[in-house]
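Encoded as structure tokens, the structure appears first; notes follow it.
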Amino acid sequence: MNSCILKVIAVFFLAGICFPYLAKAEAKSRYVTLHYNGRDMLREFNDNIDLGHKLGYLIKKKNIVTVEDEVLVKLDAIMEKAEVVLDMFPKDLHIKVVILPTSDEVSQVFSQKYGKKANHIAYYSLSEDTVYISVEDTKLAVIAHEFGHAIVDHYFSDRPPYTIHELMAQFAEKHITD
Ligand SMILES: [Zn+2]
């Protein structure tokens with residue numbers, strides 16, 4: 001075995017120790033591939049997504065059997081509504097959503113990747129096309145905001161300035177329950 005392979009194994013081993021909460025299971029819907037670690041986390045995530053009256057009504061007729069089904073149906077409904085709010089319908093929109101137990105882990109992943117400290121309950125990584133979100137802090141507005149970033153990012157071929165990006169994400173968040 002050469003040293004390169006050993007290094008790769010060591011990295012994976014260390015990642016398992018340092019990030020034990022990182023995803024062990026994944027599930028796919030039209031708009032997202034969800035990464036989660038264990039049923040309890042998924043259940044808590046689901047419980048924290050209250051779609052409200054209008055959006056909740058939209059998913060009533062969907063075929064939901066498991067908690068995983070319900071989460072995926074909810075996430076797709078939020079993405080579709082956020083697209084309507086922004087009036088942006090990027091083609092082939094599909095992103096990764098990684099759920100983590102608390103904002104500590106979200107911040108840890110953020111500082112690991114960008115080398116700077118931050119206090120995030122959620123963020124959308126433009127380079128990875130991925131939403132990282134704290135299960136503990138999950139709510140409709142937070143998901144709508146991050147999905148807003150994803151939609152904007154996919155819609156424009158030239159990325160708008162950061163402030164505009166942020167304004168549009170806030171707009172999606174604000175009007176998600178309209
Ligand atoms: Zn934002």
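Chain lettering (A, B, ...) mirrors the order of the structure tokens, residue numbering begins at 1 for each chain separately, and ligand numbering begins at 1 in order of display.
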
Legend entry - Selection as a list in words: residues within 9 Å of ligand 1 by only C-alpha atoms and all ligand atoms: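 The neighbouring residues of ligand 1 are, in order, Ala122, Tyr123, Tyr124, His145, Glu146, Gly148, His149, His165, Glu166, Leu167, Met168, Ala169 and Gln170 of chain A.
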
Inset, instruction - Could you give me the residues within chain A that DSSP places in strand (DSSP E), as a list in words? - result: Ala25, Glu26, Ala27, Lys28, Val32, Thr33, Leu34, His35, Tyr36, Ile95, Lys96, Val97, Val98, Ile99, Leu100, Ala122, Tyr123, Tyr124, Ser125, Thr130, Val131, Tyr132, Ile133 and Ser134 of chain A

Could you dump the residues just selected with C-alpha atoms as a PDB file, in the first residue's frame?
ATOM      1  CA  ALA A  25     -28.117   8.391   4.547  1.00  0.00           C
ATOM      2  CA  GLU A  26     -29.358  10.159   1.471  1.00  0.00           C
ATOM      3  CA  ALA A  27     -32.709  10.600  -0.208  1.00  0.00           C
ATOM      4  CA  LYS A  28     -33.561  12.203  -3.523  1.00  0.00           C
ATOM      5  CA  VAL A  32     -32.931  18.074  -3.644  1.00  0.00           C
ATOM      6  CA  THR A  33     -30.683  15.277  -2.533  1.00  0.00           C
ATOM      7  CA  LEU A  34     -30.999  15.207   1.232  1.00  0.00           C
ATOM      8  CA  HIS A  35     -28.133  14.008   3.409  1.00  0.00           C
ATOM      9  CA  TYR A  36     -28.947  13.108   6.987  1.00  0.00           C
ATOM     10  CA  ILE A  95     -29.164  20.923  -5.012  1.00  0.00           C
ATOM     11  CA  LYS A  96     -27.771  19.068  -2.037  1.00  0.00           C
ATOM     12  CA  VAL A  97     -29.223  19.663   1.448  1.00  0.00           C
ATOM     13  CA  VAL A  98     -27.129  18.535   4.410  1.00  0.00           C
ATOM     14  CA  ILE A  99     -28.832  18.581   7.791  1.00  0.00           C
ATOM     15  CA  LEU A 100     -26.653  18.907  10.900  1.00  0.00           C
ATOM     16  CA  ALA A 122     -27.684  27.674   7.811  1.00  0.00           C
ATOM     17  CA  TYR A 123     -25.831  28.661   4.665  1.00  0.00           C
ATOM     18  CA  TYR A 124     -25.804  27.943   0.979  1.00  0.00           C
ATOM     19  CA  SER A 125     -22.440  27.059  -0.471  1.00  0.00           C
ATOM     20  CA  THR A 130     -25.293  22.720  -1.101  1.00  0.00           C
ATOM     21  CA  VAL A 131     -27.450  24.010   1.747  1.00  0.00           C
ATOM     22  CA  TYR A 132     -26.123  23.229   5.229  1.00  0.00           C
ATOM     23  CA  ILE A 133     -28.763  23.668   7.901  1.00  0.00           C
ATOM     24  CA  SER A 134     -29.038  23.188  11.653  1.00  0.00           C
TER      25      SER A 134
END

Legend entry - For Tyr57 of chain A, the nearest of the candidates A:Ala150, A:Val135, A:Leu42, A:Ala77, counting only C-alpha atoms: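 Once distances to Tyr57 of chain A are computed over only C-alpha atoms, the minimum belongs to A:Ala77.
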
Contacts of segment 5-104 of chain A with segment 175-178 of chain A up to 8 Å, shortest pair per row, only C-alpha atoms, as CSV:
residue,atom,partner,partner_atom,distance
A:Leu51,CA,A:Thr177,CA,7.9
A:Gly52,CA,A:Thr177,CA,7.0
A:Lys54,CA,A:Thr177,CA,7.1
A:Leu55,CA,A:Thr177,CA,7.2
A:Ile78,CA,A:Ile176,CA,7.6
A:Lys81,CA,A:Ile176,CA,6.5
A:Ala82,CA,A:Ile176,CA,6.2
A:Val85,CA,A:His175,CA,6.5

Inset, instruction - Compare A:Ile59, A:Thr138, A:Glu83, A:Gly115 by their minimum atom-to-atom distance to Ser103 of chain A, counting only C-alpha atoms, and give me the closest one. - result: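 Checking each candidate against Ser103 of chain A, we get A:Thr138 as the closest.
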
Inset, instruction - Considering only C-alpha atoms, return as a list of chain:residue names whatever protein or nucleic-acid residues lie within 7 Å of segment 61-75 of chain A, sequence-local ones (same chain, fewer than 4 positions apart) excluded. - result: A:Ser29, A:Arg43, A:Asn46, A:Met79

Convert the current residue selection to file output with C-alpha atoms, as a short mmCIF file (atom, residue, chain, number, x, y, z; two decimals), in the first residue's frame.
data_model
loop_
_atom_site.label_atom_id
_atom_site.label_comp_id
_atom_site.auth_asym_id
_atom_site.auth_seq_id
_atom_site.Cartn_x
_atom_site.Cartn_y
_atom_site.Cartn_z
CA SER A 29 -36.50 14.25 -4.74
CA ARG A 43 -37.88 13.37 12.44
CA ASN A 46 -39.56 17.24 9.68
CA MET A 79 -38.50 25.21 -3.65
#

Legend entry - Nearest candidate to Asn37 of chain A (options A:Thr163, A:Pro101, A:His53, A:Lys113; using only C-alpha atoms):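 Among the listed residues, A:Pro101 lies closest to Asn37 of chain A.
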
Legend entry - Pairwise distance for atom CA of Phe89 of chain A and atom CA of Val152 of chain A, rounded to one decimal in Å: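 Separation between atom CA of Phe89 of chain A and atom CA of Val152 of chain A: 9.3 Å.
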